[in-house]
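> Dropping in final_24.cif, with mmCIF, C-alpha atoms.
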```cif
data_query
loop_
_atom_site.group_PDB
_atom_site.id
_atom_site.type_symbol
_atom_site.label_atom_id
_atom_site.label_comp_id
_atom_site.auth_asym_id
_atom_site.auth_seq_id
_atom_site.Cartn_x
_atom_site.Cartn_y
_atom_site.Cartn_z
ATOM 1 C CA MET A 1 165.801 150.261 109.979
ATOM 2 C CA ARG A 2 169.000 151.044 108.115
ATOM 3 C CA SER A 3 172.185 149.500 109.450
ATOM 4 C CA VAL A 4 175.016 151.922 110.158
ATOM 5 C CA LYS A 5 177.648 149.231 110.520
ATOM 6 C CA GLN A 6 178.019 148.471 106.838
ATOM 7 C CA ARG A 7 180.059 151.471 105.854
ATOM 8 C CA GLY A 8 180.167 150.435 102.211
ATOM 9 C CA ALA A 9 176.434 151.126 101.939
ATOM 10 C CA VAL A 10 177.057 154.865 102.322
ATOM 11 C CA SER A 11 178.745 156.778 99.544
ATOM 12 C CA TRP A 12 180.669 160.020 99.957
ATOM 13 C CA ASP A 13 182.623 162.038 97.468
ATOM 14 C CA PRO A 14 185.699 163.178 99.458
ATOM 15 C CA SER A 15 186.177 166.103 97.070
ATOM 16 C CA ARG A 16 182.923 167.608 98.342
ATOM 17 C CA GLU A 17 183.158 168.007 102.105
ATOM 18 C CA HIS A 18 179.769 169.717 102.273
ATOM 19 C CA ARG A 19 177.912 166.770 100.731
ATOM 20 C CA PHE A 20 176.944 163.465 102.316
ATOM 21 C CA VAL A 21 174.856 160.832 100.534
ATOM 22 C CA THR A 22 172.795 158.448 102.658
ATOM 23 C CA SER A 23 172.411 154.765 101.879
ATOM 24 C CA ASP A 24 169.066 155.431 100.153
ATOM 25 C CA GLY A 25 170.727 157.962 97.844
ATOM 26 C CA THR A 26 169.592 161.212 99.458
ATOM 27 C CA ALA A 27 172.205 163.985 99.353
ATOM 28 C CA LEU A 28 172.508 166.053 102.546
ATOM 29 C CA HIS A 29 174.258 169.401 102.915
ATOM 30 C CA VAL A 30 176.821 169.356 105.768
ATOM 31 C CA GLU A 31 178.769 172.110 107.535
ATOM 32 C CA THR A 32 181.665 171.649 109.960
ATOM 33 C CA SER A 33 183.591 174.214 111.999
ATOM 34 C CA GLY A 34 185.974 174.413 114.923
ATOM 35 C CA PRO A 35 189.206 172.519 115.566
ATOM 36 C CA ALA A 36 189.523 169.364 113.463
ATOM 37 C CA ASP A 37 191.548 167.669 116.202
ATOM 38 C CA SER A 38 188.929 168.222 118.902
ATOM 39 C CA GLU A 39 188.395 165.049 120.936
ATOM 40 C CA LEU A 40 184.671 165.803 121.268
ATOM 41 C CA THR A 41 182.252 166.775 118.486
ATOM 42 C CA LEU A 42 179.036 168.751 118.895
ATOM 43 C CA VAL A 43 176.352 167.684 116.394
ATOM 44 C CA LEU A 44 173.534 170.207 115.896
ATOM 45 C CA VAL A 45 170.180 169.124 114.426
ATOM 46 C CA HIS A 46 167.693 171.782 113.260
ATOM 47 C CA GLY A 47 163.903 171.720 113.242
ATOM 48 C CA TRP A 48 160.959 171.533 110.856
ATOM 49 C CA THR A 49 161.005 173.951 107.864
ATOM 50 C CA GLN A 50 164.436 175.288 108.889
ATOM 51 C CA ASP A 51 168.055 174.342 108.063
ATOM 52 C CA HIS A 52 171.562 174.465 109.526
ATOM 53 C CA ARG A 53 171.384 178.279 109.698
ATOM 54 C CA THR A 54 169.129 177.907 112.752
ATOM 55 C CA TRP A 55 172.353 177.454 114.717
ATOM 56 C CA ASP A 56 174.344 180.389 113.250
ATOM 57 C CA GLY A 57 174.119 182.493 116.408
ATOM 58 C CA VAL A 58 175.029 179.584 118.654
ATOM 59 C CA VAL A 59 177.975 178.407 116.553
ATOM 60 C CA SER A 60 179.417 181.912 116.220
ATOM 61 C CA ARG A 61 179.409 182.262 120.002
ATOM 62 C CA LEU A 62 181.023 178.869 120.560
ATOM 63 C CA GLY A 63 183.944 179.958 118.393
ATOM 64 C CA ASP A 64 186.794 177.451 118.278
ATOM 65 C CA SER A 65 186.008 175.882 121.632
ATOM 66 C CA VAL A 66 184.725 172.653 120.051
ATOM 67 C CA ARG A 67 184.350 170.989 116.665
ATOM 68 C CA THR A 68 180.778 171.326 115.432
ATOM 69 C CA LEU A 69 178.885 169.466 112.736
ATOM 70 C CA ARG A 70 175.530 170.642 111.452
ATOM 71 C CA TYR A 71 173.562 169.636 108.383
ATOM 72 C CA ASP A 72 170.286 170.144 106.538
ATOM 73 C CA LEU A 73 167.704 167.434 107.122
ATOM 74 C CA ARG A 74 166.348 165.803 103.984
ATOM 75 C CA GLY A 75 163.762 168.057 102.377
ATOM 76 C CA HIS A 76 165.275 171.154 103.968
ATOM 77 C CA GLY A 77 167.838 173.814 102.992
ATOM 78 C CA GLY A 78 170.502 172.560 100.611
ATOM 79 C CA SER A 79 169.628 168.887 101.013
ATOM 80 C CA ALA A 80 167.670 166.836 98.499
ATOM 81 C CA PRO A 81 163.900 166.384 98.913
ATOM 82 C CA ALA A 82 162.632 163.479 100.956
ATOM 83 C CA LYS A 83 161.837 160.584 98.638
ATOM 84 C CA PRO A 84 158.256 159.237 98.755
ATOM 85 C CA GLY A 85 157.642 157.536 102.085
ATOM 86 C CA THR A 86 160.817 158.892 103.738
ATOM 87 C CA ALA A 87 159.485 162.097 105.312
ATOM 88 C CA THR A 88 159.476 160.414 108.706
ATOM 89 C CA ILE A 89 161.315 160.945 111.962
ATOM 90 C CA PRO A 90 162.668 157.356 112.001
ATOM 91 C CA THR A 91 164.240 158.092 108.601
ATOM 92 C CA LEU A 92 165.828 161.246 110.017
ATOM 93 C CA ALA A 93 167.222 159.186 112.898
ATOM 94 C CA ASP A 94 168.771 156.734 110.432
ATOM 95 C CA ASP A 95 170.254 159.639 108.450
ATOM 96 C CA LEU A 96 171.812 161.011 111.640
ATOM 97 C CA ALA A 97 173.241 157.609 112.571
ATOM 98 C CA GLU A 98 174.856 157.225 109.158
ATOM 99 C CA LEU A 99 176.216 160.752 109.210
ATOM 100 C CA ILE A 100 177.792 160.206 112.632
ATOM 101 C CA GLU A 101 179.414 156.948 111.609
ATOM 102 C CA ASP A 102 180.865 158.534 108.479
ATOM 103 C CA ARG A 103 181.840 162.032 109.612
ATOM 104 C CA VAL A 104 182.467 161.471 113.328
ATOM 105 C CA PRO A 105 183.787 157.881 113.443
ATOM 106 C CA ASN A 106 185.662 158.366 116.722
ATOM 107 C CA GLY A 107 185.375 160.182 120.008
ATOM 108 C CA PRO A 108 182.495 161.299 122.227
ATOM 109 C CA ILE A 109 179.582 163.312 120.820
ATOM 110 C CA VAL A 110 177.205 165.860 122.276
ATOM 111 C CA LEU A 111 173.903 166.065 120.405
ATOM 112 C CA ALA A 112 171.758 169.221 120.387
ATOM 113 C CA GLY A 113 168.363 169.179 118.696
ATOM 114 C CA HIS A 114 165.881 171.998 118.144
ATOM 115 C CA SER A 115 162.204 171.086 117.688
ATOM 116 C CA MET A 116 162.054 168.219 115.144
ATOM 117 C CA GLY A 117 165.821 167.916 115.618
ATOM 118 C CA GLY A 118 165.220 166.979 119.250
ATOM 119 C CA MET A 119 162.615 164.448 118.151
ATOM 120 C CA THR A 120 165.209 162.997 115.762
ATOM 121 C CA ILE A 121 167.633 162.504 118.658
ATOM 122 C CA MET A 122 164.931 160.761 120.704
ATOM 123 C CA GLU A 123 164.220 158.456 117.773
ATOM 124 C CA LEU A 124 167.950 157.833 117.380
ATOM 125 C CA SER A 125 168.068 156.474 120.929
ATOM 126 C CA ARG A 126 165.240 154.080 120.052
ATOM 127 C CA ARG A 127 166.515 152.875 116.698
ATOM 128 C CA HIS A 128 170.249 152.953 117.368
ATOM 129 C CA PRO A 129 170.644 152.386 121.124
ATOM 130 C CA GLU A 130 174.115 150.873 120.799
ATOM 131 C CA LEU A 131 175.390 153.912 118.920
ATOM 132 C CA VAL A 132 173.915 156.259 121.525
ATOM 133 C CA SER A 133 175.247 154.331 124.517
ATOM 134 C CA ARG A 134 178.697 153.992 122.931
ATOM 135 C CA ARG A 135 179.189 157.496 121.531
ATOM 136 C CA VAL A 136 176.763 160.063 122.965
ATOM 137 C CA ALA A 137 178.163 161.838 126.029
ATOM 138 C CA GLY A 138 175.484 164.517 126.397
ATOM 139 C CA VAL A 139 172.219 165.785 124.891
ATOM 140 C CA ALA A 140 170.571 169.209 124.651
ATOM 141 C CA PHE A 141 166.851 169.264 123.907
ATOM 142 C CA VAL A 142 165.914 172.753 122.701
ATOM 143 C CA ALA A 143 162.228 173.728 122.313
ATOM 144 C CA THR A 144 161.108 170.217 121.494
ATOM 145 C CA SER A 145 158.578 167.556 122.469
ATOM 146 C CA SER A 146 158.384 163.835 123.160
ATOM 147 C CA GLY A 147 154.778 163.428 122.006
ATOM 148 C CA GLU A 148 151.149 164.613 121.829
ATOM 149 C CA MET A 149 151.962 167.061 119.059
ATOM 150 C CA ASP A 150 148.601 166.213 117.474
ATOM 151 C CA ARG A 151 146.950 168.134 120.323
ATOM 152 C CA ILE A 152 148.761 171.415 119.783
ATOM 153 C CA THR A 153 146.446 174.460 119.669
ATOM 154 C CA LEU A 154 149.129 177.035 118.720
ATOM 155 C CA GLY A 155 148.566 178.744 122.043
ATOM 156 C CA LEU A 156 144.951 179.612 121.279
ATOM 157 C CA PRO A 157 142.068 178.718 123.640
ATOM 158 C CA GLY A 158 138.966 176.620 122.992
ATOM 159 C CA ILE A 159 137.422 176.582 119.535
ATOM 160 C CA ALA A 160 140.083 178.922 118.151
ATOM 161 C CA GLY A 161 142.802 176.479 119.174
ATOM 162 C CA SER A 162 141.139 173.424 117.650
ATOM 163 C CA GLY A 163 140.382 175.434 114.506
ATOM 164 C CA ALA A 164 144.028 176.467 114.193
ATOM 165 C CA ALA A 165 145.106 172.859 114.484
ATOM 166 C CA ARG A 166 142.665 171.815 111.742
ATOM 167 C CA PHE A 167 143.903 174.623 109.506
ATOM 168 C CA GLU A 168 147.495 173.459 109.984
ATOM 169 C CA ARG A 169 146.557 169.926 108.911
ATOM 170 C CA ARG A 170 144.700 171.198 105.844
ATOM 171 C CA LEU A 171 147.645 173.363 104.888
ATOM 172 C CA ALA A 172 149.920 170.332 105.137
ATOM 173 C CA LYS A 173 147.647 168.412 102.750
ATOM 174 C CA LEU A 174 147.830 171.247 100.236
ATOM 175 C CA LEU A 175 151.614 171.375 100.516
ATOM 176 C CA ALA A 176 151.785 167.612 99.955
ATOM 177 C CA LYS A 177 150.289 168.155 96.502
ATOM 178 C CA ASN A 178 152.746 170.928 95.645
ATOM 179 C CA ARG A 179 155.248 169.792 93.020
ATOM 180 C CA ARG A 180 157.490 172.845 93.205
ATOM 181 C CA ASP A 181 160.976 172.757 94.724
ATOM 182 C CA ALA A 182 160.152 175.733 96.948
ATOM 183 C CA LEU A 183 157.157 177.857 97.887
ATOM 184 C CA PRO A 184 156.628 180.636 95.291
ATOM 185 C CA LEU A 185 156.033 183.313 97.920
ATOM 186 C CA PRO A 186 157.835 186.575 98.669
ATOM 187 C CA LEU A 187 159.501 187.073 102.033
ATOM 188 C CA SER A 188 157.027 189.842 102.869
ATOM 189 C CA VAL A 189 154.156 187.320 102.819
ATOM 190 C CA VAL A 190 155.859 184.741 105.036
ATOM 191 C CA ARG A 191 157.430 187.140 107.545
ATOM 192 C CA PRO A 192 154.261 188.091 109.534
ATOM 193 C CA GLY A 193 153.266 184.460 110.066
ATOM 194 C CA ALA A 194 156.762 183.532 111.206
ATOM 195 C CA ARG A 195 156.799 186.474 113.609
ATOM 196 C CA LEU A 196 153.459 185.499 115.153
ATOM 197 C CA LEU A 197 153.854 181.743 115.278
ATOM 198 C CA VAL A 198 157.405 180.973 116.372
ATOM 199 C CA PHE A 199 158.743 184.039 118.180
ATOM 200 C CA GLY A 200 158.156 185.505 121.607
ATOM 201 C CA ARG A 201 158.367 189.128 122.660
ATOM 202 C CA LYS A 202 160.310 191.684 120.625
ATOM 203 C CA PRO A 203 162.295 189.482 118.216
ATOM 204 C CA HIS A 204 165.014 190.967 116.030
ATOM 205 C CA ARG A 205 163.917 191.623 112.446
ATOM 206 C CA ALA A 206 166.966 189.742 111.114
ATOM 207 C CA ASP A 207 165.980 186.624 113.079
ATOM 208 C CA VAL A 208 162.417 186.702 111.756
ATOM 209 C CA ASP A 209 163.728 187.152 108.215
ATOM 210 C CA SER A 210 166.134 184.227 108.655
ATOM 211 C CA VAL A 211 163.346 181.889 109.780
ATOM 212 C CA ALA A 212 161.151 182.989 106.859
ATOM 213 C CA GLU A 213 164.005 182.576 104.368
ATOM 214 C CA GLN A 214 164.739 179.070 105.621
ATOM 215 C CA LEU A 215 161.069 178.139 105.274
ATOM 216 C CA LEU A 216 161.097 179.359 101.678
ATOM 217 C CA CYS A 217 164.103 177.096 100.977
ATOM 218 C CA ALA A 218 162.368 173.970 102.276
ATOM 219 C CA HIS A 219 160.785 171.463 99.891
ATOM 220 C CA PRO A 220 156.979 171.881 100.214
ATOM 221 C CA ALA A 221 155.929 168.226 99.840
ATOM 222 C CA SER A 222 158.670 167.119 102.254
ATOM 223 C CA VAL A 223 157.565 169.725 104.791
ATOM 224 C CA ALA A 224 154.007 168.389 104.558
ATOM 225 C CA GLY A 225 155.150 164.824 105.134
ATOM 226 C CA PHE A 226 157.167 165.813 108.180
ATOM 227 C CA GLN A 227 154.236 167.737 109.628
ATOM 228 C CA ASP A 228 152.260 164.506 109.654
ATOM 229 C CA ALA A 229 155.248 162.660 111.129
ATOM 230 C CA ILE A 230 155.518 165.212 113.947
ATOM 231 C CA SER A 231 151.837 164.758 114.812
ATOM 232 C CA ARG A 232 152.463 161.010 115.262
ATOM 233 C CA HIS A 233 155.746 161.373 117.160
ATOM 234 C CA ASP A 234 155.772 159.577 120.531
ATOM 235 C CA CYS A 235 159.064 158.929 122.306
ATOM 236 C CA ARG A 236 158.008 159.385 125.921
ATOM 237 C CA VAL A 237 158.957 155.832 126.858
ATOM 238 C CA THR A 238 162.181 156.045 124.860
ATOM 239 C CA LEU A 239 163.501 158.895 127.010
ATOM 240 C CA ALA A 240 164.377 156.419 129.742
ATOM 241 C CA ALA A 241 167.277 155.221 127.573
ATOM 242 C CA LEU A 242 168.975 158.583 128.249
ATOM 243 C CA ALA A 243 168.649 158.359 132.040
ATOM 244 C CA GLY A 244 172.391 157.976 132.554
ATOM 245 C CA THR A 245 173.368 160.679 130.058
ATOM 246 C CA PRO A 246 173.879 164.354 130.994
ATOM 247 C CA VAL A 247 170.898 166.203 129.501
ATOM 248 C CA ILE A 248 169.711 169.810 129.379
ATOM 249 C CA VAL A 249 166.137 170.753 128.454
ATOM 250 C CA LEU A 250 165.524 174.330 127.260
ATOM 251 C CA ALA A 251 162.065 175.825 126.723
ATOM 252 C CA GLY A 252 160.565 179.196 125.784
ATOM 253 C CA GLU A 253 157.690 180.318 128.019
ATOM 254 C CA ARG A 254 155.789 181.658 124.971
ATOM 255 C CA ASP A 255 156.444 178.707 122.661
ATOM 256 C CA ARG A 256 153.267 178.016 120.661
ATOM 257 C CA LEU A 257 154.567 174.923 118.827
ATOM 258 C CA CYS A 258 156.280 172.987 121.630
ATOM 259 C CA PRO A 259 154.808 174.472 124.828
ATOM 260 C CA PRO A 260 156.768 174.441 128.097
ATOM 261 C CA ARG A 261 154.581 171.631 129.425
ATOM 262 C CA HIS A 262 156.025 169.397 126.693
ATOM 263 C CA ALA A 263 159.534 170.263 127.829
ATOM 264 C CA LYS A 264 158.529 169.455 131.403
ATOM 265 C CA VAL A 265 157.465 165.964 130.317
ATOM 266 C CA ILE A 266 161.001 165.428 129.019
ATOM 267 C CA ALA A 267 162.564 166.837 132.189
ATOM 268 C CA ASP A 268 160.288 164.732 134.430
ATOM 269 C CA ALA A 269 161.294 161.580 132.531
ATOM 270 C CA LEU A 270 164.947 162.496 133.140
ATOM 271 C CA PRO A 271 165.012 163.733 136.772
ATOM 272 C CA GLU A 272 168.717 164.546 136.663
ATOM 273 C CA ALA A 273 168.325 166.742 133.586
ATOM 274 C CA GLU A 274 168.842 170.486 133.845
ATOM 275 C CA PHE A 275 165.552 172.204 132.957
ATOM 276 C CA VAL A 276 165.648 175.889 131.940
ATOM 277 C CA ARG A 277 162.675 178.062 130.945
ATOM 278 C CA TYR A 278 163.126 181.419 129.221
ATOM 279 C CA PRO A 279 160.484 184.068 129.998
ATOM 280 C CA GLY A 280 159.276 185.971 126.951
ATOM 281 C CA ALA A 281 160.902 183.594 124.468
ATOM 282 C CA GLY A 282 159.070 181.628 121.805
ATOM 283 C CA HIS A 283 159.961 178.571 119.780
ATOM 284 C CA MET A 284 163.132 179.842 118.111
ATOM 285 C CA LEU A 285 165.433 179.744 121.129
ATOM 286 C CA PRO A 286 168.634 179.351 119.046
ATOM 287 C CA GLN A 287 167.907 182.819 117.625
ATOM 288 C CA GLU A 288 165.980 184.541 120.421
ATOM 289 C CA ARG A 289 168.325 183.382 123.166
ATOM 290 C CA ALA A 290 171.459 182.593 121.166
ATOM 291 C CA GLN A 291 173.880 183.630 123.910
ATOM 292 C CA GLU A 292 172.060 181.711 126.651
ATOM 293 C CA VAL A 293 171.657 178.587 124.500
ATOM 294 C CA SER A 294 175.323 178.773 123.509
ATOM 295 C CA ASP A 295 176.353 179.139 127.154
ATOM 296 C CA ARG A 296 174.267 176.138 128.226
ATOM 297 C CA ILE A 297 175.572 173.929 125.419
ATOM 298 C CA ALA A 298 179.169 175.032 126.075
ATOM 299 C CA ALA A 299 178.754 174.198 129.760
ATOM 300 C CA LEU A 300 177.400 170.765 128.830
ATOM 301 C CA VAL A 301 180.373 170.177 126.535
ATOM 302 C CA ARG A 302 182.813 171.171 129.271
ATOM 303 C CA ARG A 303 181.012 168.965 131.766
ATOM 304 C CA VAL A 304 181.107 165.790 129.684
ATOM 305 C CA ALA A 305 184.633 166.477 128.455
ATOM 306 C CA ARG A 306 185.820 166.113 132.060
ATOM 307 C CA VAL A 307 183.980 162.836 132.607
#
```
Take the structure in this file and express it as structure tokens.

Amino acid sequence: MRSVKQRGAVSWDPSREHRFVTSDGTALHVETSGPADSELTLVLVHGWTQDHRTWDGVVSRLGDSVRTLRYDLRGHGGSAPAKPGTATIPTLADDLAELIEDRVPNGPIVLAGHSMGGMTIMELSRRHPELVSRRVAGVAFVATSSGEMDRITLGLPGIAGSGAARFERRLAKLLAKNRRDALPLPLSVVRPGARLLVFGRKPHRADVDSVAEQLLCAHPASVAGFQDAISRHDCRVTLAALAGTPVIVLAGERDRLCPPRHAKVIADALPEAEFVRYPGAGHMLPQERAQEVSDRIAALVRRVARV
């Protein structure tokens, strides 16, 4: 586990506000918006194969109500690929801890994580409990899971479901051997799969295109490593550490990747959490339900700001 207390271990070129370098030398792309003097900061963490653009619709609706920080996880978007052995959720949690200590050194924080981003926040509470208890005032878990991701059937029944899961694992193995910086595929090839797999009813074409474009920007071998990490993710016991923290849990009724029952496990572990299910929505709630997700996160920010 990387220590976040030794600030000298993390380098940052102040002339490049969009670049943060972790203590293991991995450069991450960072975006900030909203009032610089805001007492509270909202930190947004995206999911697998995506990047900070996942939150575009949410951030635009929040406006200048709060300072926001979002970034590309290693191996995604404008960040550097994950070095060998670092495509793990514990590594992502350490990256987040370092980023918070460097870019948000003071004041309360609300964390919002979509999919693997939510898993990263769970892992953060396990690996950096003092940081979470001292700084984190609220958490939003958006279309995510605390475990048993190795049993996902992509919403398909019986043999079809188990076959889909095996295909996903085989695809990850092929990607792990890919030495390219990005998948050499046109958007037209990726779009139909994105539409089917991660969206619910009647998605907007621009949202589907955005998800496909973000996938094509991700580093193939890193994506493969994180797919394996997701299948081994288990933070069900860890959730208890957030029992005293205001939490919202948002789930799409038609989510094939992180089904509503996974969200219910999180909500059941945190009985005081607000649990919201969106009929007709799939996995990409920040796009499909941008206004509703923005409203829920804004309400959480207002709630903890008064505490």
> Expanded to explicit residues, what is the PyMOL selection byres ((chain A and resi 103) around 10) for this file, as number ranges by chain?
A: 12, 17, 20, 30, 32, 69, 98-102, 104-106
> For Val249 of chain A, which of A:Gly200, A:Gly113, A:Gly25, A:Pro129 is the closest residue, counting only C-alpha atoms?
A:Gly113
> Evaluate the PyMOL selection byres ((chain A and resi 185) around 12) here and jot the selected residues down as a PyMOL selection string.
chain A and resi 180+182-184+186-191+212-213+215-217+220
> Take the PyMOL selection byres ((chain A and resi 279) around 8), run it mentally on this structure, and tell me the resulting residues as a ChimeraX atom specification.
/A:252-254,277-278,280-281
> Just how far from atom CA of Met284 of chain A is atom CA of Val265 of chain A, in Å to one decimal?
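Between atom CA of Val265 of chain A and atom CA of Met284 of chain A the gap is 19.3 Å.
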> May I have the residues within 8 Å of Thr68 of chain A as a VMD selection string, using all atoms listed in the file and disregarding those fewer than 6 positions away in the same chain?
chain A and resid 32 to 34 41 to 44 59
> Of the candidates A:Val139, A:Leu124, A:Leu196, A:Ala36, which one gets nearest to Asp255 of chain A if we count only C-alpha atoms?
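Using only C-alpha atoms, the shortest distance to Asp255 of chain A belongs to A:Leu196.
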> Choose the residue, out of A:Gly75, A:Pro35, A:Pro192, A:Gly147, that has the smallest atom-to-atom separation from Thr91 of chain A; count all atoms listed in the file.
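Checking each candidate against Thr91 of chain A, we get A:Gly75 as the closest.
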> What gap, in Å, lies between atom CA of Ala194 of chain A and atom CA of Leu96 of chain A?
27.1 Å
> Out of A:Arg70, A:Ser60, A:Gly47, A:Arg53, which residue has the shortest atom-to-atom distance to Leu28 of chain A when counting all atoms listed in the file?
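The shortest atom-to-atom distance to Leu28 of chain A comes from A:Arg70.
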> With distances taken over all atoms listed in the file, which residue among A:Glu123, A:Glu31, A:Asp234, A:Asp95 lies nearest Tyr71 of chain A?
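Checking each candidate against Tyr71 of chain A, we get A:Glu31 as the closest.
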> I'd like to know which of A:Arg61, A:Asp51, A:Ala298, A:Gly282 is closest to Ala143 of chain A, using only C-alpha atoms.
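Residue with the minimum atom-to-atom distance to Ala143 of chain A: A:Gly282.
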> Write out as a ChimeraX atom specification each polymer residue whose atoms come within 12 Å of Arg127 of chain A, counting all atoms listed in the file; drop sequence neighbours fewer than 3 positions from it.
/A:1-4,89-97,120-124,130-133,235,238,241
> Go ahead and save the picked residues with C-alpha atoms, as a PDB file, keeping the file's coordinate frame.

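Resulting contents of again07.pdb:
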```
ATOM      1  CA  MET A   1     165.801 150.261 109.979  1.00  0.00           C
ATOM      2  CA  ARG A   2     169.000 151.044 108.115  1.00  0.00           C
ATOM      3  CA  SER A   3     172.185 149.500 109.450  1.00  0.00           C
ATOM      4  CA  VAL A   4     175.016 151.922 110.158  1.00  0.00           C
ATOM      5  CA  ILE A  89     161.315 160.945 111.962  1.00  0.00           C
ATOM      6  CA  PRO A  90     162.668 157.356 112.001  1.00  0.00           C
ATOM      7  CA  THR A  91     164.240 158.092 108.601  1.00  0.00           C
ATOM      8  CA  LEU A  92     165.828 161.246 110.017  1.00  0.00           C
ATOM      9  CA  ALA A  93     167.222 159.186 112.898  1.00  0.00           C
ATOM     10  CA  ASP A  94     168.771 156.734 110.432  1.00  0.00           C
ATOM     11  CA  ASP A  95     170.254 159.639 108.450  1.00  0.00           C
ATOM     12  CA  LEU A  96     171.812 161.011 111.640  1.00  0.00           C
ATOM     13  CA  ALA A  97     173.241 157.609 112.571  1.00  0.00           C
ATOM     14  CA  THR A 120     165.209 162.997 115.762  1.00  0.00           C
ATOM     15  CA  ILE A 121     167.633 162.504 118.658  1.00  0.00           C
ATOM     16  CA  MET A 122     164.931 160.761 120.704  1.00  0.00           C
ATOM     17  CA  GLU A 123     164.220 158.456 117.773  1.00  0.00           C
ATOM     18  CA  LEU A 124     167.950 157.833 117.380  1.00  0.00           C
ATOM     19  CA  GLU A 130     174.115 150.873 120.799  1.00  0.00           C
ATOM     20  CA  LEU A 131     175.390 153.912 118.920  1.00  0.00           C
ATOM     21  CA  VAL A 132     173.915 156.259 121.525  1.00  0.00           C
ATOM     22  CA  SER A 133     175.247 154.331 124.517  1.00  0.00           C
ATOM     23  CA  CYS A 235     159.064 158.929 122.306  1.00  0.00           C
ATOM     24  CA  THR A 238     162.181 156.045 124.860  1.00  0.00           C
ATOM     25  CA  ALA A 241     167.277 155.221 127.573  1.00  0.00           C
TER      26      ALA A 241
END
```
> Can you tell me how far atom CA of Ala221 of chain A sits from atom CA of Asp24 of chain A, in Å to one decimal?
18.3 Å
> Show me the residues around (149.6, 184.6, 116.3) - criterion: an atom at most 8 Å away, all atoms listed in the file counted - as a ChimeraX atom specification.
/A:154,193,195-197
> May I have the centre and edge lengths, in Å to one decimal, of an axis-aligned box around the listed atoms of segment 30-45 of chain A with 6 Å added to every side, as lines of an AutoDock Vina configuration file?

```
center_x = 180.9
center_y = 169.7
center_z = 113.5
size_x = 33.4
size_y = 21.4
size_z = 27.5
```
> Where does segment 55-93 of chain A meet segment 285-294 of chain A within 12 Å, residue by residue, with the nearest atom pair and distance in Å to one decimal for each, counting only C-alpha atoms, listed by chain and rising number, as CSV?

```
residue,atom,partner,partner_atom,distance
A:Trp55,CA,A:Pro286,CA,6.0
A:Asp56,CA,A:Gln287,CA,8.2
A:Gly57,CA,A:Ala290,CA,5.5
A:Val58,CA,A:Ser294,CA,4.9
A:Val59,CA,A:Ser294,CA,7.5
A:Ser60,CA,A:Ser294,CA,8.9
A:Arg61,CA,A:Ser294,CA,6.4
A:Leu62,CA,A:Ser294,CA,6.4
A:Gly63,CA,A:Ser294,CA,10.1
A:Ser65,CA,A:Ser294,CA,11.2
A:Val66,CA,A:Ser294,CA,11.7
```
